Protein chains: 4
Amino acid sequence: MTPDVGARVWVVPGGHIPFPGSGEEPQFTGFDQLCVLNATPTDADVEFDLYYEDAEPVGPYRITVAARRIRHVRLNDLIDPEAVRLDRPYGCLLRSPVPVVVQFLRQDTRLPGALALATTMAYPA
Amino acid sequence: MTPDVGARVWVVPGGHIPFPGSGEEPQFTGFDQLCVLNATPTDADVEFDLYYEDAEPVGPYRITVAARRIRHVRLNDLIDPEAVRLDRPYGCLLRSPVPVVVQFLRQDTRLPGALALATTMAYPA
Amino acid sequence: MTPDVGARVWVVPGGHIPFPGSGEEPQFTGFDQLCVLNATPTDADVEFDLYYEDAEPVGPYRITVAARRIRHVRLNDLIDPEAVRLDRPYGCLLRSPVPVVVQFLRQDTRLPGALALATTMAYPA
Amino acid sequence: MTPDVGARVWVVPGGHIPFPGSGEEPQFTGFDQLCVLNATPTDADVEFDLYYEDAEPVGPYRITVAARRIRHVRLNDLIDPEAVRLDRPYGCLLRSPVPVVVQFLRQDTRLPGALALATTMAYPA
């Protein structure tokens, strides 16, 4: 039996979708990604808000991470309640009704012929 | 005397073995890696399951990390119970009978002439 | 209602602003960055000191992170109480009167045509 | 007054000094680095052992991090009790008599014209 693992609130302060990208899409599109693992037997209706330097938080964005599943979500792909503007600093605060684990990943392809990756666990609050 | 250090459950939500790679193998193969340190005086028979977006978890994968040893395991190299498909999002939940410490590392060489690395401690549950 | 999330003291031991950079400014300038998220309803007057290998700590540097806002601050841009010397190892200890979350990001463009990123959550003390 | 911050035991499972490097030394040498911040008023005589896949741990390596100072130490530069072999997987377990904070950083320049960085906080045990 797998115990419930993780936390219900996670934070990523350092969001910033690189723009423009270079190379073939979608593999070499620049992106920020949230990677969520739900090891529980319950589907997780996850919500998160995006925080900005110069405007009120926007949200909630909603994604479902099914029981015993993962989801890797590119922030670039979200359009509801509004698209995330490229090349704009933001942060993310995520809430889940069940414990999950959240990792942040960036792929930066702004420079033709170069590739940069960066990752960190989100902060469990 | 070294105290037992670490945790018995670790999680990496953001797995995704880059494919294809470029450059000489095995140094420049793209890979995802689990790095495990066992500082205890007891061999650790570590097990982990891989979680997917669209299928039941697969596992357990088994590796032994001897007492007072490390193991760096490329996910690409695992074949039992089944090979990890390249370029497919996954997550990993690892269990150890004794406390260990787990770090995640990715090397991405999809773009010829470029090299990307990313690392983070796994999440201790 | 969003609970207060985070910690009041954060540490980054591994600062080192890459120098020189290559490519267009400011997008491809090399930098070290602190990314701070303040989810509380109170403005945060954040202070931090920089620690060196061979000199007394310098500080406090002060930035305000408004209520329900983020700030992404390039260390390169700070001049008060003194500019941060490029290509010099340093560490950072940050204090906030309210809980915040802090992420560290480096962009390295010293090598023309190459791009490196690295990120980690700061250590919450 | 700055409170003592950090922990007395830190672990990095994923060591592996990249080899060979390309580009000018020492800026573009490949390296693994431990970055230690000692915010206390007491000098820290830090010790660490290196763990391997196929041999007993080697140590202690000793470095002093003065009161209110940082140290960034390239593992490549250590020779006592023995030099760290390049291109060999290892892990690191560090002990300090006073609380410190430890970050791990890798620079990889094996591929000419490319640059990769990866960083993570060490695991506080």
# chains A, B, ... in the order shown; residues from 1 in each chain; ligands from 1

call {"tool": "interface_residues", "arguments": {"of": "chain B", "to": "chain C", "cutoff": "8 Å", "atoms": "only C-alpha atoms", "output": "MDAnalysis selection string"}}
result
chainID B and resid 114 116 118 120

call {"tool": "residues_around", "arguments": {"residues": "Tyr90 of chain C", "least_positions_apart": "6", "cutoff": "6 Å", "atoms": "only C-alpha atoms", "output": "PyMOL selection string"}}
result
chain C and resi 15+51-52

call {"tool": "calpha_fit_and_write", "arguments": {"fixed": "chain B", "moving": "chain C", "output": "compact mmCIF listing (two decimals) with N, CA, C and O atoms, in the first residue's frame"}}
result
# COMPACT_ATOMS: atom_id res chain seq x y z
N MET C 1 30.99 8.25 14.32
CA MET C 1 29.85 7.45 13.89
C MET C 1 28.91 8.30 13.04
O MET C 1 28.57 9.41 13.43
N THR C 2 28.54 7.80 11.90
CA THR C 2 27.62 8.52 11.03
C THR C 2 26.18 8.15 11.36
O THR C 2 25.83 6.97 11.32
N PRO C 3 25.36 9.12 11.67
CA PRO C 3 23.96 8.80 11.93
C PRO C 3 23.26 8.41 10.63
O PRO C 3 23.72 8.73 9.54
N ASP C 4 22.17 7.65 10.77
CA ASP C 4 21.35 7.38 9.59
C ASP C 4 20.77 8.70 9.10
O ASP C 4 20.20 9.45 9.88
N VAL C 5 20.91 8.96 7.84
CA VAL C 5 20.40 10.22 7.32
C VAL C 5 19.52 9.95 6.12
O VAL C 5 19.78 9.08 5.31
N GLY C 6 18.45 10.75 6.02
CA GLY C 6 17.60 10.67 4.85
C GLY C 6 16.18 10.31 5.20
O GLY C 6 15.69 10.54 6.30
N ALA C 7 15.48 9.77 4.20
CA ALA C 7 14.07 9.42 4.35
C ALA C 7 13.83 8.10 3.62
O ALA C 7 14.68 7.64 2.85
N ARG C 8 12.66 7.51 3.87
CA ARG C 8 12.36 6.20 3.29
C ARG C 8 11.48 6.29 2.04
O ARG C 8 11.28 5.31 1.34
N VAL C 9 10.90 7.45 1.79
CA VAL C 9 10.05 7.64 0.61
C VAL C 9 10.46 8.93 -0.10
O VAL C 9 10.60 9.98 0.56
N TRP C 10 10.67 8.85 -1.38
CA TRP C 10 11.10 10.00 -2.18
C TRP C 10 10.29 10.07 -3.46
O TRP C 10 9.96 9.03 -4.04
N VAL C 11 10.04 11.29 -3.93
CA VAL C 11 9.19 11.47 -5.10
C VAL C 11 9.84 12.43 -6.11
O VAL C 11 10.40 13.46 -5.72
N VAL C 12 9.76 12.07 -7.38
CA VAL C 12 10.18 12.93 -8.49
C VAL C 12 9.02 12.99 -9.49
O VAL C 12 8.78 12.02 -10.21
N PRO C 13 8.28 14.10 -9.55
CA PRO C 13 7.14 14.16 -10.46
C PRO C 13 7.51 14.41 -11.92
O PRO C 13 6.72 14.10 -12.81
N GLY C 14 8.72 14.97 -12.18
CA GLY C 14 8.98 15.55 -13.50
C GLY C 14 9.87 14.73 -14.40
O GLY C 14 10.71 15.30 -15.10
N GLY C 15 9.68 13.42 -14.47
CA GLY C 15 10.52 12.61 -15.34
C GLY C 15 10.15 12.72 -16.81
O GLY C 15 8.97 12.89 -17.15
N HIS C 16 11.16 12.64 -17.66
CA HIS C 16 10.93 12.69 -19.12
C HIS C 16 12.29 12.48 -19.79
O HIS C 16 13.05 13.45 -19.92
N ILE C 17 12.58 11.27 -20.21
CA ILE C 17 13.89 11.00 -20.80
C ILE C 17 13.97 11.64 -22.17
O ILE C 17 13.16 11.34 -23.05
N PRO C 18 14.94 12.55 -22.38
CA PRO C 18 15.04 13.26 -23.66
C PRO C 18 15.37 12.29 -24.79
O PRO C 18 16.19 11.37 -24.61
N PHE C 19 14.76 12.50 -25.95
CA PHE C 19 15.02 11.63 -27.07
C PHE C 19 14.75 12.38 -28.35
O PHE C 19 13.75 13.08 -28.43
N PRO C 20 15.58 12.22 -29.39
CA PRO C 20 16.82 11.43 -29.37
C PRO C 20 17.97 12.21 -28.76
O PRO C 20 17.82 13.39 -28.44
N GLY C 21 19.10 11.56 -28.56
CA GLY C 21 20.30 12.24 -28.14
C GLY C 21 21.20 12.52 -29.33
O GLY C 21 20.93 12.08 -30.44
N SER C 22 22.26 13.27 -29.10
CA SER C 22 23.26 13.46 -30.15
C SER C 22 24.63 13.38 -29.49
O SER C 22 24.77 13.64 -28.31
N GLY C 23 25.64 13.00 -30.26
CA GLY C 23 26.97 12.89 -29.68
C GLY C 23 27.26 11.46 -29.27
O GLY C 23 26.41 10.58 -29.35
N GLU C 24 28.47 11.24 -28.80
CA GLU C 24 28.93 9.89 -28.49
C GLU C 24 28.20 9.29 -27.30
O GLU C 24 27.91 9.97 -26.32
N GLU C 25 27.95 7.99 -27.40
CA GLU C 25 27.40 7.25 -26.27
C GLU C 25 28.52 6.59 -25.50
O GLU C 25 29.54 6.22 -26.09
N PRO C 26 28.37 6.36 -24.21
CA PRO C 26 27.22 6.75 -23.40
C PRO C 26 27.35 8.13 -22.77
O PRO C 26 26.42 8.59 -22.14
N GLN C 27 28.50 8.82 -23.00
CA GLN C 27 28.70 10.09 -22.28
C GLN C 27 27.64 11.12 -22.64
O GLN C 27 27.19 11.89 -21.81
N PHE C 28 27.28 11.16 -23.95
CA PHE C 28 26.38 12.22 -24.38
C PHE C 28 24.98 11.71 -24.74
O PHE C 28 24.22 12.40 -25.40
N THR C 29 24.68 10.52 -24.33
CA THR C 29 23.30 10.06 -24.40
C THR C 29 22.44 10.95 -23.49
O THR C 29 22.88 11.33 -22.42
N GLY C 30 21.24 11.25 -23.93
CA GLY C 30 20.33 11.93 -23.02
C GLY C 30 19.81 10.95 -21.99
O GLY C 30 19.57 9.79 -22.31
N PHE C 31 19.64 11.41 -20.74
CA PHE C 31 19.13 10.48 -19.72
C PHE C 31 18.47 11.23 -18.58
O PHE C 31 18.69 12.43 -18.37
N ASP C 32 17.64 10.50 -17.85
CA ASP C 32 17.17 10.87 -16.50
C ASP C 32 17.86 9.93 -15.54
O ASP C 32 17.96 8.72 -15.81
N GLN C 33 18.29 10.46 -14.43
CA GLN C 33 19.06 9.65 -13.50
C GLN C 33 18.55 9.83 -12.06
O GLN C 33 18.24 10.94 -11.65
N LEU C 34 18.50 8.71 -11.34
CA LEU C 34 18.29 8.76 -9.90
C LEU C 34 19.62 8.50 -9.21
O LEU C 34 20.30 7.50 -9.52
N CYS C 35 20.00 9.39 -8.31
CA CYS C 35 21.25 9.24 -7.57
C CYS C 35 20.87 8.99 -6.10
O CYS C 35 20.24 9.84 -5.47
N VAL C 36 21.27 7.84 -5.58
CA VAL C 36 20.86 7.42 -4.24
C VAL C 36 22.09 7.24 -3.37
O VAL C 36 23.05 6.59 -3.77
N LEU C 37 22.07 7.83 -2.18
CA LEU C 37 23.15 7.64 -1.22
C LEU C 37 22.61 6.92 0.01
O LEU C 37 21.62 7.33 0.61
N ASN C 38 23.25 5.83 0.36
CA ASN C 38 22.90 5.03 1.52
C ASN C 38 24.04 5.10 2.53
O ASN C 38 25.04 4.40 2.39
N ALA C 39 23.89 5.94 3.54
CA ALA C 39 24.96 6.11 4.53
C ALA C 39 24.84 5.12 5.68
O ALA C 39 25.68 5.11 6.57
N THR C 40 23.82 4.29 5.65
CA THR C 40 23.60 3.36 6.76
C THR C 40 24.50 2.13 6.63
O THR C 40 25.06 1.87 5.56
N PRO C 41 24.62 1.34 7.70
CA PRO C 41 25.42 0.12 7.65
C PRO C 41 24.66 -1.07 7.06
O PRO C 41 25.12 -2.19 7.14
N THR C 42 23.48 -0.80 6.47
CA THR C 42 22.62 -1.87 5.96
C THR C 42 22.37 -1.70 4.48
O THR C 42 22.07 -0.60 4.02
N ASP C 43 22.52 -2.79 3.72
CA ASP C 43 22.18 -2.72 2.30
C ASP C 43 20.71 -2.31 2.13
O ASP C 43 19.84 -2.78 2.87
N ALA C 44 20.43 -1.48 1.14
CA ALA C 44 19.06 -1.01 0.91
C ALA C 44 18.52 -1.60 -0.38
O ALA C 44 19.04 -1.31 -1.46
N ASP C 45 17.50 -2.45 -0.24
CA ASP C 45 16.80 -2.96 -1.42
C ASP C 45 15.70 -1.96 -1.77
O ASP C 45 14.59 -2.01 -1.22
N VAL C 46 16.04 -1.05 -2.65
CA VAL C 46 15.17 0.07 -2.98
C VAL C 46 14.20 -0.36 -4.08
O VAL C 46 14.58 -1.07 -5.01
N GLU C 47 12.95 0.08 -3.95
CA GLU C 47 11.94 -0.19 -4.97
C GLU C 47 11.34 1.13 -5.42
O GLU C 47 11.18 2.05 -4.62
N PHE C 48 10.99 1.21 -6.70
CA PHE C 48 10.22 2.40 -7.10
C PHE C 48 9.23 2.05 -8.19
O PHE C 48 9.39 1.10 -8.95
N ASP C 49 8.17 2.86 -8.21
CA ASP C 49 7.13 2.75 -9.23
C ASP C 49 7.20 3.98 -10.12
O ASP C 49 7.53 5.07 -9.66
N LEU C 50 6.86 3.78 -11.39
CA LEU C 50 6.77 4.90 -12.32
C LEU C 50 5.30 5.21 -12.58
O LEU C 50 4.50 4.30 -12.84
N TYR C 51 4.97 6.49 -12.49
CA TYR C 51 3.60 6.96 -12.69
C TYR C 51 3.50 7.65 -14.05
O TYR C 51 4.42 8.34 -14.47
N TYR C 52 2.35 7.48 -14.69
CA TYR C 52 2.17 8.04 -16.03
C TYR C 52 0.92 8.91 -16.10
O TYR C 52 0.12 8.96 -15.18
N GLU C 53 0.78 9.60 -17.23
CA GLU C 53 -0.39 10.46 -17.41
C GLU C 53 -1.63 9.67 -17.80
O GLU C 53 -2.76 10.09 -17.54
N ASP C 54 -1.40 8.53 -18.42
CA ASP C 54 -2.52 7.84 -19.08
C ASP C 54 -2.49 6.33 -18.87
O ASP C 54 -3.05 5.58 -19.67
N ALA C 55 -1.87 5.88 -17.80
CA ALA C 55 -1.81 4.44 -17.55
C ALA C 55 -1.52 4.20 -16.08
O ALA C 55 -1.01 5.09 -15.38
N GLU C 56 -1.83 2.99 -15.62
CA GLU C 56 -1.55 2.62 -14.24
C GLU C 56 -0.04 2.65 -13.96
O GLU C 56 0.77 2.44 -14.86
N PRO C 57 0.34 2.92 -12.72
CA PRO C 57 1.75 2.87 -12.36
C PRO C 57 2.36 1.52 -12.70
O PRO C 57 1.69 0.48 -12.64
N VAL C 58 3.64 1.55 -13.04
CA VAL C 58 4.39 0.35 -13.38
C VAL C 58 5.49 0.15 -12.34
O VAL C 58 6.23 1.07 -12.03
N GLY C 59 5.57 -1.09 -11.83
CA GLY C 59 6.60 -1.36 -10.85
C GLY C 59 6.30 -2.63 -10.09
O GLY C 59 5.34 -3.32 -10.40
N PRO C 60 7.10 -2.93 -9.10
CA PRO C 60 8.25 -2.15 -8.70
C PRO C 60 9.51 -2.44 -9.53
O PRO C 60 9.78 -3.58 -9.89
N TYR C 61 10.25 -1.37 -9.82
CA TYR C 61 11.64 -1.50 -10.25
C TYR C 61 12.48 -1.68 -8.99
O TYR C 61 12.17 -1.08 -7.96
N ARG C 62 13.51 -2.47 -9.08
CA ARG C 62 14.32 -2.76 -7.89
C ARG C 62 15.80 -2.47 -8.15
O ARG C 62 16.35 -2.89 -9.17
N ILE C 63 16.41 -1.75 -7.24
CA ILE C 63 17.87 -1.60 -7.26
C ILE C 63 18.37 -1.76 -5.83
O ILE C 63 17.69 -1.40 -4.88
N THR C 64 19.56 -2.29 -5.71
CA THR C 64 20.17 -2.40 -4.39
C THR C 64 21.27 -1.36 -4.26
O THR C 64 22.11 -1.22 -5.15
N VAL C 65 21.20 -0.64 -3.18
CA VAL C 65 22.26 0.32 -2.85
C VAL C 65 22.93 -0.21 -1.60
O VAL C 65 22.35 -0.21 -0.51
N ALA C 66 24.14 -0.67 -1.77
CA ALA C 66 24.82 -1.34 -0.66
C ALA C 66 25.07 -0.37 0.49
O ALA C 66 25.02 0.85 0.32
N ALA C 67 25.33 -0.93 1.66
CA ALA C 67 25.65 -0.13 2.83
C ALA C 67 26.84 0.77 2.54
O ALA C 67 27.83 0.35 1.95
N ARG C 68 26.72 2.04 2.91
CA ARG C 68 27.81 3.01 2.75
C ARG C 68 28.23 3.14 1.29
O ARG C 68 29.42 3.29 0.98
N ARG C 69 27.25 3.11 0.39
CA ARG C 69 27.54 3.24 -1.03
C ARG C 69 26.53 4.17 -1.68
O ARG C 69 25.48 4.47 -1.11
N ILE C 70 26.83 4.59 -2.90
CA ILE C 70 25.87 5.30 -3.75
C ILE C 70 25.53 4.42 -4.94
O ILE C 70 26.25 3.46 -5.25
N ARG C 71 24.45 4.79 -5.61
CA ARG C 71 24.12 4.26 -6.94
C ARG C 71 23.58 5.40 -7.78
O ARG C 71 22.72 6.16 -7.33
N HIS C 72 24.10 5.52 -8.99
CA HIS C 72 23.55 6.45 -9.97
C HIS C 72 22.92 5.61 -11.08
O HIS C 72 23.63 4.92 -11.81
N VAL C 73 21.61 5.65 -11.20
CA VAL C 73 20.90 4.77 -12.13
C VAL C 73 20.22 5.58 -13.22
O VAL C 73 19.40 6.46 -12.93
N ARG C 74 20.60 5.32 -14.46
CA ARG C 74 19.90 5.95 -15.58
C ARG C 74 18.59 5.21 -15.82
O ARG C 74 18.60 3.99 -16.03
N LEU C 75 17.49 5.94 -15.81
CA LEU C 75 16.19 5.32 -16.02
C LEU C 75 16.15 4.60 -17.37
O LEU C 75 15.48 3.58 -17.52
N ASN C 76 16.87 5.15 -18.35
CA ASN C 76 16.93 4.56 -19.69
C ASN C 76 17.41 3.11 -19.68
O ASN C 76 17.14 2.36 -20.61
N ASP C 77 18.17 2.75 -18.66
CA ASP C 77 18.82 1.45 -18.64
C ASP C 77 17.93 0.36 -18.03
O ASP C 77 18.29 -0.81 -18.06
N LEU C 78 16.81 0.75 -17.48
CA LEU C 78 15.98 -0.23 -16.78
C LEU C 78 15.11 -0.99 -17.77
O LEU C 78 14.52 -0.41 -18.68
N ILE C 79 14.99 -2.30 -17.56
CA ILE C 79 14.16 -3.09 -18.46
C ILE C 79 13.18 -3.99 -17.73
O ILE C 79 12.30 -4.59 -18.35
N ASP C 80 13.29 -4.05 -16.41
CA ASP C 80 12.44 -4.95 -15.63
C ASP C 80 11.70 -4.19 -14.55
O ASP C 80 12.37 -3.54 -13.73
N PRO C 81 10.38 -4.18 -14.48
CA PRO C 81 9.44 -5.02 -15.23
C PRO C 81 9.20 -4.59 -16.68
O PRO C 81 8.69 -5.38 -17.44
N GLU C 82 9.56 -3.37 -17.10
CA GLU C 82 9.46 -3.03 -18.51
C GLU C 82 10.34 -1.82 -18.77
O GLU C 82 10.61 -1.02 -17.87
N ALA C 83 10.83 -1.68 -20.00
CA ALA C 83 11.67 -0.54 -20.35
C ALA C 83 10.87 0.74 -20.23
O ALA C 83 9.66 0.77 -20.48
N VAL C 84 11.55 1.80 -19.83
CA VAL C 84 10.92 3.10 -19.72
C VAL C 84 10.92 3.73 -21.11
O VAL C 84 11.98 3.90 -21.71
N ARG C 85 9.73 4.05 -21.60
CA ARG C 85 9.66 4.59 -22.96
C ARG C 85 10.28 5.98 -23.00
O ARG C 85 10.05 6.81 -22.12
N LEU C 86 11.07 6.22 -24.03
CA LEU C 86 11.72 7.52 -24.16
C LEU C 86 10.68 8.56 -24.56
O LEU C 86 9.65 8.26 -25.14
N ASP C 87 10.97 9.82 -24.23
CA ASP C 87 10.13 10.95 -24.63
C ASP C 87 8.68 10.81 -24.13
O ASP C 87 7.75 11.25 -24.81
N ARG C 88 8.51 10.18 -22.97
CA ARG C 88 7.17 10.04 -22.40
C ARG C 88 7.19 10.57 -20.96
O ARG C 88 8.00 10.14 -20.15
N PRO C 89 6.27 11.49 -20.63
CA PRO C 89 6.26 12.02 -19.27
C PRO C 89 5.97 10.94 -18.23
O PRO C 89 5.10 10.10 -18.44
N TYR C 90 6.70 11.00 -17.12
CA TYR C 90 6.47 10.06 -16.04
C TYR C 90 6.85 10.72 -14.72
O TYR C 90 7.48 11.79 -14.69
N GLY C 91 6.50 10.08 -13.64
CA GLY C 91 6.95 10.46 -12.32
C GLY C 91 7.43 9.22 -11.60
O GLY C 91 7.19 8.09 -12.05
N CYS C 92 8.10 9.41 -10.48
CA CYS C 92 8.72 8.29 -9.78
C CYS C 92 8.47 8.40 -8.28
O CYS C 92 8.62 9.48 -7.70
N LEU C 93 8.07 7.28 -7.68
CA LEU C 93 7.91 7.22 -6.23
C LEU C 93 8.75 6.06 -5.72
O LEU C 93 8.53 4.91 -6.11
N LEU C 94 9.70 6.40 -4.87
CA LEU C 94 10.72 5.44 -4.43
C LEU C 94 10.56 5.13 -2.95
O LEU C 94 10.29 6.03 -2.15
N ARG C 95 10.74 3.88 -2.60
CA ARG C 95 10.68 3.45 -1.19
C ARG C 95 11.96 2.69 -0.84
O ARG C 95 12.42 1.85 -1.63
N SER C 96 12.46 2.95 0.34
CA SER C 96 13.66 2.25 0.81
C SER C 96 13.40 1.74 2.22
O SER C 96 12.76 2.42 3.03
N PRO C 97 13.90 0.55 2.55
CA PRO C 97 13.71 0.02 3.91
C PRO C 97 14.56 0.75 4.95
O PRO C 97 14.27 0.66 6.14
N VAL C 98 15.58 1.46 4.50
CA VAL C 98 16.40 2.27 5.41
C VAL C 98 16.49 3.68 4.85
O VAL C 98 16.26 3.90 3.67
N PRO C 99 16.82 4.66 5.69
CA PRO C 99 16.89 6.04 5.19
C PRO C 99 17.97 6.19 4.11
O PRO C 99 19.10 5.72 4.29
N VAL C 100 17.59 6.83 3.02
CA VAL C 100 18.54 7.16 1.96
C VAL C 100 18.25 8.59 1.52
O VAL C 100 17.28 9.21 1.95
N VAL C 101 19.13 9.11 0.67
CA VAL C 101 18.91 10.44 0.10
C VAL C 101 18.92 10.30 -1.42
O VAL C 101 19.75 9.57 -1.97
N VAL C 102 17.99 10.99 -2.09
CA VAL C 102 17.78 10.80 -3.53
C VAL C 102 17.83 12.14 -4.27
O VAL C 102 17.15 13.10 -3.88
N GLN C 103 18.63 12.18 -5.30
CA GLN C 103 18.75 13.36 -6.17
C GLN C 103 18.38 12.96 -7.59
O GLN C 103 18.65 11.83 -8.01
N PHE C 104 17.77 13.88 -8.31
CA PHE C 104 17.35 13.64 -9.69
C PHE C 104 18.22 14.48 -10.61
O PHE C 104 18.47 15.66 -10.34
N LEU C 105 18.66 13.88 -11.74
CA LEU C 105 19.49 14.62 -12.70
C LEU C 105 19.06 14.27 -14.11
O LEU C 105 18.83 13.10 -14.44
N ARG C 106 18.95 15.29 -14.94
CA ARG C 106 18.68 15.08 -16.37
C ARG C 106 19.81 15.65 -17.21
O ARG C 106 20.30 16.74 -16.95
N GLN C 107 20.20 14.89 -18.23
CA GLN C 107 21.11 15.38 -19.27
C GLN C 107 20.36 15.34 -20.60
O GLN C 107 19.83 14.29 -20.98
N ASP C 108 20.32 16.48 -21.28
CA ASP C 108 19.58 16.60 -22.53
C ASP C 108 20.54 16.98 -23.65
O ASP C 108 21.18 18.03 -23.60
N THR C 109 20.65 16.09 -24.63
CA THR C 109 21.55 16.34 -25.77
C THR C 109 20.80 16.23 -27.09
O THR C 109 21.39 15.88 -28.12
N ARG C 110 19.49 16.53 -27.05
CA ARG C 110 18.71 16.44 -28.29
C ARG C 110 19.22 17.36 -29.38
O ARG C 110 19.11 17.05 -30.57
N LEU C 111 19.74 18.52 -28.97
CA LEU C 111 20.17 19.52 -29.95
C LEU C 111 21.66 19.36 -30.19
O LEU C 111 22.46 19.55 -29.28
N PRO C 112 22.06 18.99 -31.43
CA PRO C 112 23.48 18.77 -31.70
C PRO C 112 24.33 19.99 -31.34
O PRO C 112 23.97 21.11 -31.70
N GLY C 113 25.41 19.76 -30.63
CA GLY C 113 26.30 20.85 -30.25
C GLY C 113 25.89 21.57 -28.98
O GLY C 113 26.60 22.45 -28.51
N ALA C 114 24.73 21.22 -28.44
CA ALA C 114 24.26 21.85 -27.21
C ALA C 114 24.21 20.81 -26.09
O ALA C 114 24.13 19.61 -26.34
N LEU C 115 24.24 21.28 -24.86
CA LEU C 115 24.20 20.39 -23.70
C LEU C 115 23.42 21.08 -22.60
O LEU C 115 23.71 22.22 -22.25
N ALA C 116 22.42 20.39 -22.07
CA ALA C 116 21.64 20.95 -20.96
C ALA C 116 21.63 19.96 -19.81
O ALA C 116 21.48 18.76 -20.00
N LEU C 117 21.81 20.49 -18.60
CA LEU C 117 21.72 19.70 -17.37
C LEU C 117 20.70 20.36 -16.45
O LEU C 117 20.58 21.58 -16.41
N ALA C 118 20.00 19.53 -15.69
CA ALA C 118 19.10 20.05 -14.66
C ALA C 118 19.11 19.06 -13.51
O ALA C 118 19.14 17.85 -13.73
N THR C 119 19.09 19.58 -12.29
CA THR C 119 19.09 18.68 -11.14
C THR C 119 18.27 19.27 -10.00
O THR C 119 18.10 20.48 -9.90
N THR C 120 17.75 18.40 -9.16
CA THR C 120 17.07 18.81 -7.94
C THR C 120 17.07 17.63 -6.98
O THR C 120 17.12 16.47 -7.41
N MET C 121 17.07 17.92 -5.69
CA MET C 121 16.80 16.86 -4.76
C MET C 121 15.39 16.34 -5.03
O MET C 121 14.49 17.13 -5.35
N ALA C 122 15.17 15.04 -4.89
CA ALA C 122 13.82 14.51 -4.90
C ALA C 122 13.09 15.04 -3.66
O ALA C 122 13.70 15.60 -2.75
N TYR C 123 11.78 14.86 -3.62
CA TYR C 123 10.99 15.32 -2.47
C TYR C 123 10.88 14.19 -1.45
O TYR C 123 10.39 13.11 -1.77
N PRO C 124 11.36 14.43 -0.22
CA PRO C 124 11.31 13.39 0.81
C PRO C 124 9.94 13.38 1.48
O PRO C 124 9.51 14.38 2.05
N ALA C 125 9.24 12.27 1.39
CA ALA C 125 7.85 12.25 1.87
C ALA C 125 7.77 11.62 3.27
O ALA C 125 8.68 10.94 3.70

call {"tool": "select_by_dssp", "arguments": {"residues": "chain D", "states": "strand (DSSP E)", "output": "MDAnalysis selection string"}}
result
chainID D and resid 7:15 31:38 44:52 58:65 69:74 90:108 116:121 123:124
